[in-house]
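For reference, input-v3.pdb is printed below; it contains PDB, C-alpha atoms and all ligand atoms.
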ATOM      1  CA  MET K 276     -22.303  13.371  69.446  1.00  0.00           C
ATOM      2  CA  GLY K 277     -22.363  15.709  72.437  1.00  0.00           C
ATOM      3  CA  TRP K 278     -23.157  14.529  75.949  1.00  0.00           C
ATOM      4  CA  LEU K 279     -26.510  16.314  75.822  1.00  0.00           C
ATOM      5  CA  ASP K 280     -27.538  14.181  72.853  1.00  0.00           C
ATOM      6  CA  LEU K 281     -26.512  11.134  74.866  1.00  0.00           C
ATOM      7  CA  CYS K 282     -29.107  12.207  77.469  1.00  0.00           C
ATOM      8  CA  VAL K 283     -31.929  11.898  74.940  1.00  0.00           C
ATOM      9  CA  PRO K 284     -33.811   8.613  75.427  1.00  0.00           C
ATOM     10  CA  ASP K 285     -34.904   6.469  72.495  1.00  0.00           C
ATOM     11  CA  GLU K 286     -38.389   6.188  73.978  1.00  0.00           C
ATOM     12  CA  VAL K 287     -40.363   7.878  76.740  1.00  0.00           C
ATOM     13  CA  VAL K 288     -43.247   6.359  78.677  1.00  0.00           C
ATOM     14  CA  ARG K 289     -45.097   7.300  81.843  1.00  0.00           C
ATOM     15  CA  SER K 290     -44.334   4.060  83.705  1.00  0.00           C
ATOM     16  CA  VAL K 291     -42.878   0.598  83.042  1.00  0.00           C
ATOM     17  CA  GLU K 292     -46.347  -0.926  82.622  1.00  0.00           C
ATOM     18  CA  GLU K 293     -46.688   1.102  79.416  1.00  0.00           C
ATOM     19  CA  ILE K 294     -43.662  -0.627  77.877  1.00  0.00           C
ATOM     20  CA  ASP K 295     -44.825  -3.062  75.210  1.00  0.00           C
ATOM     21  CA  LEU K 296     -42.807  -6.236  75.819  1.00  0.00           C
ATOM     22  CA  ASP K 297     -44.060  -7.949  72.659  1.00  0.00           C
ATOM     23  CA  ALA K 298     -42.995  -4.988  70.527  1.00  0.00           C
ATOM     24  CA  LEU K 299     -39.497  -4.970  72.056  1.00  0.00           C
ATOM     25  CA  ALA K 300     -39.099  -8.721  71.575  1.00  0.00           C
ATOM     26  CA  ALA K 301     -40.282  -8.392  67.974  1.00  0.00           C
ATOM     27  CA  ARG K 302     -37.554  -5.790  67.394  1.00  0.00           C
ATOM     28  CA  GLY K 303     -34.936  -8.310  68.507  1.00  0.00           C
ATOM     29  CA  PHE K 304     -34.261  -7.116  72.054  1.00  0.00           C
ATOM     30  CA  ALA K 305     -33.347  -9.944  74.417  1.00  0.00           C
ATOM     31  CA  GLY K 306     -31.929  -8.259  77.517  1.00  0.00           C
ATOM     32  CA  MET K 307     -33.212  -5.642  79.921  1.00  0.00           C
ATOM     33  CA  VAL K 308     -31.331  -3.597  82.509  1.00  0.00           C
ATOM     34  CA  ILE K 309     -33.744  -1.879  84.897  1.00  0.00           C
ATOM     35  CA  ASP K 310     -33.180   0.870  87.465  1.00  0.00           C
ATOM     36  CA  VAL K 311     -34.840   0.354  90.871  1.00  0.00           C
ATOM     37  CA  ASP K 312     -35.492   3.618  92.732  1.00  0.00           C
ATOM     38  CA  ASN K 313     -38.400   5.585  91.308  1.00  0.00           C
ATOM     39  CA  THR K 314     -38.563   3.240  88.310  1.00  0.00           C
ATOM     40  CA  LEU K 315     -39.809   0.041  90.002  1.00  0.00           C
ATOM     41  CA  LEU K 316     -40.161   1.141  93.640  1.00  0.00           C
ATOM     42  CA  ALA K 317     -40.967   4.539  95.110  1.00  0.00           C
ATOM     43  CA  HIS K 318     -37.775   5.918  96.630  1.00  0.00           C
ATOM     44  CA  GLY K 319     -37.237   4.531 100.135  1.00  0.00           C
ATOM     45  CA  THR K 320     -40.074   1.996 100.020  1.00  0.00           C
ATOM     46  CA  PHE K 321     -40.463  -1.762  99.725  1.00  0.00           C
ATOM     47  CA  GLU K 322     -43.826  -1.721  97.961  1.00  0.00           C
ATOM     48  CA  VAL K 323     -44.683  -2.641  94.387  1.00  0.00           C
ATOM     49  CA  GLU K 324     -48.072  -1.941  92.868  1.00  0.00           C
ATOM     50  CA  PRO K 325     -49.716  -5.168  91.648  1.00  0.00           C
ATOM     51  CA  ALA K 326     -49.831  -3.990  88.010  1.00  0.00           C
ATOM     52  CA  ARG K 327     -46.140  -3.155  88.128  1.00  0.00           C
ATOM     53  CA  LEU K 328     -45.263  -6.469  89.757  1.00  0.00           C
ATOM     54  CA  GLU K 329     -47.239  -8.272  87.069  1.00  0.00           C
ATOM     55  CA  TRP K 330     -45.363  -6.367  84.340  1.00  0.00           C
ATOM     56  CA  MET K 331     -42.040  -7.262  85.968  1.00  0.00           C
ATOM     57  CA  ARG K 332     -42.903 -10.944  86.097  1.00  0.00           C
ATOM     58  CA  ARG K 333     -43.842 -10.902  82.422  1.00  0.00           C
ATOM     59  CA  ALA K 334     -40.630  -9.024  81.562  1.00  0.00           C
ATOM     60  CA  ILE K 335     -38.539 -11.589  83.427  1.00  0.00           C
ATOM     61  CA  GLU K 336     -40.250 -14.490  81.648  1.00  0.00           C
ATOM     62  CA  ARG K 337     -39.534 -12.938  78.299  1.00  0.00           C
ATOM     63  CA  PHE K 338     -36.190 -11.147  78.683  1.00  0.00           C
ATOM     64  CA  SER K 339     -32.895 -11.696  80.415  1.00  0.00           C
ATOM     65  CA  VAL K 340     -33.264  -9.044  83.142  1.00  0.00           C
ATOM     66  CA  CYS K 341     -30.753  -7.459  85.508  1.00  0.00           C
ATOM     67  CA  LEU K 342     -31.532  -4.731  88.053  1.00  0.00           C
ATOM     68  CA  LEU K 343     -28.965  -1.929  88.245  1.00  0.00           C
ATOM     69  CA  SER K 344     -29.125   0.581  91.087  1.00  0.00           C
ATOM     70  CA  ASN K 345     -26.864   3.402  92.237  1.00  0.00           C
ATOM     71  CA  SER K 346     -26.846   2.619  95.943  1.00  0.00           C
ATOM     72  CA  ILE K 347     -24.324   1.818  98.621  1.00  0.00           C
ATOM     73  CA  PHE K 348     -26.333  -0.665 100.660  1.00  0.00           C
ATOM     74  CA  GLY K 349     -28.631  -1.958  97.958  1.00  0.00           C
ATOM     75  CA  LYS K 350     -31.378  -3.079 100.342  1.00  0.00           C
ATOM     76  CA  ARG K 351     -34.159  -2.586  97.842  1.00  0.00           C
ATOM     77  CA  VAL K 352     -32.152  -4.324  95.123  1.00  0.00           C
ATOM     78  CA  ARG K 353     -31.663  -7.328  97.401  1.00  0.00           C
ATOM     79  CA  TRP K 354     -35.337  -7.347  98.315  1.00  0.00           C
ATOM     80  CA  LEU K 355     -36.448  -7.295  94.662  1.00  0.00           C
ATOM     81  CA  ARG K 356     -33.820  -9.861  93.701  1.00  0.00           C
ATOM     82  CA  GLU K 357     -35.324 -12.285  96.184  1.00  0.00           C
ATOM     83  CA  LEU K 358     -38.929 -11.416  95.412  1.00  0.00           C
ATOM     84  CA  LEU K 359     -38.470 -11.842  91.650  1.00  0.00           C
ATOM     85  CA  GLU K 360     -35.559 -14.306  91.574  1.00  0.00           C
ATOM     86  CA  VAL K 361     -33.708 -12.068  89.177  1.00  0.00           C
ATOM     87  CA  PRO K 362     -30.089 -10.855  89.130  1.00  0.00           C
ATOM     88  CA  GLY K 363     -29.484  -7.353  90.446  1.00  0.00           C
ATOM     89  CA  ILE K 364     -26.506  -5.243  91.436  1.00  0.00           C
ATOM     90  CA  SER K 365     -25.989  -2.029  93.358  1.00  0.00           C
ATOM     91  CA  VAL K 366     -23.085   0.105  92.223  1.00  0.00           C
ATOM     92  CA  TRP K 367     -21.342   3.150  93.662  1.00  0.00           C
ATOM     93  CA  ASN K 368     -18.252   5.343  93.265  1.00  0.00           C
ATOM     94  CA  TRP K 369     -16.785   5.050  89.778  1.00  0.00           C
ATOM     95  CA  ASN K 370     -19.108   2.211  88.866  1.00  0.00           C
ATOM     96  CA  ARG K 371     -22.177   4.390  89.384  1.00  0.00           C
ATOM     97  CA  LYS K 372     -24.423   5.093  86.440  1.00  0.00           C
ATOM     98  CA  PRO K 373     -23.660   6.828  84.069  1.00  0.00           C
ATOM     99  CA  PHE K 374     -20.154   5.300  84.296  1.00  0.00           C
ATOM    100  CA  SER K 375     -19.572   2.127  82.340  1.00  0.00           C
ATOM    101  CA  GLY K 376     -18.560  -0.304  85.107  1.00  0.00           C
ATOM    102  CA  GLY K 377     -22.081  -1.061  86.307  1.00  0.00           C
ATOM    103  CA  PHE K 378     -23.368  -1.491  82.772  1.00  0.00           C
ATOM    104  CA  ARG K 379     -20.548  -3.928  81.960  1.00  0.00           C
ATOM    105  CA  ARG K 380     -21.416  -5.986  85.025  1.00  0.00           C
ATOM    106  CA  ALA K 381     -25.128  -5.862  84.251  1.00  0.00           C
ATOM    107  CA  LEU K 382     -24.555  -6.972  80.647  1.00  0.00           C
ATOM    108  CA  ALA K 383     -22.392  -9.839  81.880  1.00  0.00           C
ATOM    109  CA  LEU K 384     -25.385 -10.927  83.967  1.00  0.00           C
ATOM    110  CA  THR K 385     -27.982 -10.583  81.198  1.00  0.00           C
ATOM    111  CA  GLY K 386     -25.549 -12.247  78.794  1.00  0.00           C
ATOM    112  CA  THR K 387     -26.799 -10.025  75.977  1.00  0.00           C
ATOM    113  CA  ALA K 388     -25.019  -7.671  73.578  1.00  0.00           C
ATOM    114  CA  PRO K 389     -25.606  -3.957  74.288  1.00  0.00           C
ATOM    115  CA  GLU K 390     -27.447  -3.415  71.008  1.00  0.00           C
ATOM    116  CA  ARG K 391     -29.895  -6.173  71.928  1.00  0.00           C
ATOM    117  CA  THR K 392     -30.439  -4.780  75.428  1.00  0.00           C
ATOM    118  CA  VAL K 393     -32.868  -2.174  76.743  1.00  0.00           C
ATOM    119  CA  MET K 394     -32.077   0.222  79.612  1.00  0.00           C
ATOM    120  CA  ILE K 395     -35.093   1.445  81.572  1.00  0.00           C
ATOM    121  CA  GLY K 396     -34.837   4.223  84.163  1.00  0.00           C
ATOM    122  CA  ASP K 397     -36.178   7.543  85.425  1.00  0.00           C
ATOM    123  CA  GLN K 398     -32.988   9.630  85.446  1.00  0.00           C
ATOM    124  CA  LEU K 399     -31.593  11.320  82.365  1.00  0.00           C
ATOM    125  CA  LEU K 400     -28.147  11.891  83.875  1.00  0.00           C
ATOM    126  CA  SER K 401     -27.585   8.372  85.148  1.00  0.00           C
ATOM    127  CA  ASP K 402     -29.872   5.808  83.480  1.00  0.00           C
ATOM    128  CA  ILE K 403     -30.282   7.377  80.046  1.00  0.00           C
ATOM    129  CA  LEU K 404     -26.829   8.968  79.656  1.00  0.00           C
ATOM    130  CA  GLY K 405     -25.161   5.776  80.892  1.00  0.00           C
ATOM    131  CA  GLY K 406     -27.377   3.483  78.846  1.00  0.00           C
ATOM    132  CA  ASN K 407     -26.777   5.426  75.640  1.00  0.00           C
ATOM    133  CA  ARG K 408     -23.016   5.572  76.268  1.00  0.00           C
ATOM    134  CA  ALA K 409     -22.981   1.809  76.786  1.00  0.00           C
ATOM    135  CA  GLY K 410     -24.851   1.313  73.505  1.00  0.00           C
ATOM    136  CA  LEU K 411     -28.189   0.165  74.942  1.00  0.00           C
ATOM    137  CA  HIS K 412     -31.673   1.095  73.718  1.00  0.00           C
ATOM    138  CA  THR K 413     -32.906   3.585  76.328  1.00  0.00           C
ATOM    139  CA  ILE K 414     -36.414   4.059  77.689  1.00  0.00           C
ATOM    140  CA  LEU K 415     -37.148   6.904  80.110  1.00  0.00           C
ATOM    141  CA  VAL K 416     -39.985   6.462  82.606  1.00  0.00           C
ATOM    142  CA  MET K 417     -41.431   9.272  84.701  1.00  0.00           C
ATOM    143  CA  PRO K 418     -40.273   8.923  88.346  1.00  0.00           C
ATOM    144  CA  ILE K 419     -42.850   7.169  90.566  1.00  0.00           C
ATOM    145  CA  HIS K 420     -42.507   9.930  93.166  1.00  0.00           C
ATOM    146  CA  PRO K 421     -40.327  12.908  92.318  1.00  0.00           C
ATOM    147  CA  THR K 422     -38.719  13.215  95.756  1.00  0.00           C
ATOM    148  CA  GLU K 423     -35.113  13.761  94.733  1.00  0.00           C
ATOM    149  CA  PHE K 424     -32.779  16.160  96.546  1.00  0.00           C
ATOM    150  CA  VAL K 425     -33.730  19.736  95.786  1.00  0.00           C
ATOM    151  CA  VAL K 426     -30.494  20.570  93.944  1.00  0.00           C
ATOM    152  CA  THR K 427     -30.645  17.471  91.759  1.00  0.00           C
ATOM    153  CA  ARG K 428     -34.252  18.252  91.029  1.00  0.00           C
ATOM    154  CA  HIS K 429     -33.559  21.764  89.792  1.00  0.00           C
ATOM    155  CA  VAL K 430     -30.617  20.706  87.671  1.00  0.00           C
ATOM    156  CA  ASN K 431     -32.678  17.868  86.239  1.00  0.00           C
ATOM    157  CA  ARG K 432     -35.640  20.148  85.596  1.00  0.00           C
ATOM    158  CA  ARG K 433     -33.497  22.458  83.478  1.00  0.00           C
ATOM    159  CA  LEU K 434     -31.932  19.560  81.654  1.00  0.00           C
ATOM    160  CA  GLU K 435     -35.344  18.011  81.188  1.00  0.00           C
ATOM    161  CA  ARG K 436     -36.574  21.136  79.450  1.00  0.00           C
ATOM    162  CA  ILE K 437     -33.704  20.925  76.955  1.00  0.00           C
ATOM    163  CA  ILE K 438     -34.270  17.204  76.395  1.00  0.00           C
ATOM    164  CA  ARG K 439     -37.987  17.840  75.978  1.00  0.00           C
ATOM    165  CA  GLU K 440     -37.185  20.244  73.143  1.00  0.00           C
ATOM    166  CA  ARG K 441     -34.830  17.772  71.459  1.00  0.00           C
ATOM    167  CA  LEU K 442     -37.436  15.027  71.727  1.00  0.00           C
ATOM    168  CA  ALA K 443     -40.103  17.341  70.313  1.00  0.00           C
ATOM    169  CA  ALA K 444     -37.819  17.955  67.326  1.00  0.00           C
ATOM    170  CA  ARG K 445     -37.859  14.191  66.776  1.00  0.00           C
ATOM    171  CA  GLY K 446     -41.623  14.112  67.147  1.00  0.00           C
ATOM    172  CA  ILE K 447     -41.574  12.366  70.548  1.00  0.00           C
ATOM    173  CA  SER K 448     -43.594  13.991  73.320  1.00  0.00           C
ATOM    174  CA  MET K 449     -42.586  13.615  76.947  1.00  0.00           C
ATOM    175  CA  PRO K 450     -45.315  13.176  79.561  1.00  0.00           C
ATOM    176  CA  GLU K 451     -45.276  15.464  82.584  1.00  0.00           C
ATOM    177  CA  ALA K 452     -43.542  13.937  85.624  1.00  0.00           C
ATOM    178  CA  GLY K 453     -45.727  11.852  87.957  1.00  0.00           C
ATOM    179  CA  ASP K 454     -47.893  13.209  90.723  1.00  0.00           C
ATOM    180  CA  GLU K 455     -47.042  16.860  91.285  1.00  0.00           C
ATOM    181  CA  ALA K 456     -48.742  16.708  94.695  1.00  0.00           C
ATOM    182  CA  GLU K 457     -45.853  14.503  95.839  1.00  0.00           C
ATOM    183  CA  GLU K 458     -43.345  17.127  94.778  1.00  0.00           C
ATOM    184  CA  ASP K 459     -42.631  18.463  98.247  1.00  0.00           C
ATOM    185  CA  ALA K 460     -43.130  15.253 100.186  1.00  0.00           C
ATOM    186  CA  PRO K 461     -40.152  14.546 102.447  1.00  0.00           C
ATOM    187  CA  ASP K 462     -37.879  11.635 101.586  1.00  0.00           C
ATOM    188  CA  ALA K 463     -38.862   8.421 103.307  1.00  0.00           C
TER     189      ALA K 463
HETATM  190 MG    MG T   1     -34.059   5.903  89.639  1.00  0.00          MG
END

Structure rendered as structure tokens:
Amino acid sequence: MGWLDLCVPDEVVRSVEEIDLDALAARGFAGMVIDVDNTLLAHGTFEVEPARLEWMRRAIERFSVCLLSNSIFGKRVRWLRELLEVPGISVWNWNRKPFSGGFRRALALTGTAPERTVMIGDQLLSDILGGNRAGLHTILVMPIHPTEFVVTRHVNRRLERIIRERLAARGISMPEAGDEAEEDAPDA
């Protein structure tokens, strides 16, 4: 399987609140590794919408959850870890997603086998590629605010188009990314 196929998520939803926890539990999933930036929190912020917070609390009750973020300082990971009383790690260098080190550490914290664990994130090249390589069930969410670096954004856009076509071939449609009005908003 080529690396491009490893960038194709198993499921696509608009936001985490659309993920059916009962359905995942019924399919035998027990663990959940969740990205932070633009998946749970808007990039650079410390705010969670009430509906999203509610979903997270239900997810934590039901699944063994670990947050996994590519960040050097991990301030938002720490903040969420305390708010939710859930394990979370920030990884960088050669442990960054999509590399395997962070996933190994996250799975040690959830205590679940990869095939019984779900990876949820907004980035094809880190969350989905890494999750698939590590053998997790991958769910792509649309970024809360698409305010990535311009270069990343263009590369991702092109990749996204290819992934969109592969998903369409499997009969899965991908929603358009979040609020286009936020597109050119400066990073916080
Ligand atoms: Mg992210």

- Just say which residues the PyMOL selection byres (((chain K and resi 417) around 12) and not hetatm) picks in this file, as a PyMOL selection string. chain K and resi 286-293+312-315+317+395-399+414-416+418-421+435+449-455

Report, as AutoDock Vina command-line options, the axis-aligned box around all atoms of range 382-391 of chain K present in the file, extended by 3 Å on each side; give centre and edge lengths in Å to one decimal place.
--center_x -26.1 --center_y -7.8 --center_z 77.5 --size_x 13.5 --size_y 14.8 --size_z 19.0

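The nearest approach to ligand MG 1 (chain T) among the residues K:Ser339, K:Thr320, K:Asn370, K:Ser344, with all atoms listed in the file taken into account, belongs to K:Ser344.
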
- Restricting the calculation to only C-alpha atoms and all ligand atoms, which member of K:Met331, K:Ala383, K:Val340, K:Val311 is positioned closest to ligand MG 1 (chain T)? K:Val311

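Considering the residues K:Pro325, K:Gly303, K:Gly446, K:Pro284 and counting all atoms listed in the file, Asp402 in chain K has its shortest atom-to-atom contact with K:Pro284.
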
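With only C-alpha atoms and all ligand atoms as the basis for measurement, K:Asp310 is the residue among K:Glu440, K:Asp285, K:Asp280, K:Asp310 that approaches ligand MG 1 (chain T) most closely.
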
- Message: Assuming the chain letters and numbering stay as they are in my file, what does the PyMOL selection byres (((chain K and resi 379) around 12) and not hetatm) actually select? List them as a PyMOL selection string.
- Response: chain K and resi 308+341+343+364+366+370-378+380-389+392+405-406+408-411

- Query: Counting all atoms listed in the file, what is within 10 Å of Phe321 in chain K, bar same-chain residues fewer than 5 positions away, as a PyMOL selection string?
  - Reply: chain K and resi 315-316+350-352+354-355

- Rounded to one decimal in Å, what is the spacing between CA of Arg441 in chain K and CA of Met394 in chain K? 19.5 Å

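Among K:Leu400, K:Leu281, K:Val361, K:Leu434, the residue with the shortest atom-to-atom distance to ligand MG 1 (chain T), counting only C-alpha atoms and all ligand atoms, is K:Leu400.
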
- Message: What's the separation between CA of Leu328 in chain K and CA of Val393 in chain K, in Å to one decimal place?
- Response: 18.5 Å

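CA of Thr413 in chain K lies 10.2 Å from CA of Ile309 in chain K.
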
- Given the PyMOL selection byres (((chain K and resi 300) around 12) and not hetatm), the residues it picks as a PyMOL selection string: chain K and resi 294-299+301-307+334+336-339+391-393

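When all atoms listed in the file are used to compute distances to Ser401 in chain K, the closest of the residues K:His318, K:Arg327, K:Asn345, K:Gly363 turns out to be K:Asn345.
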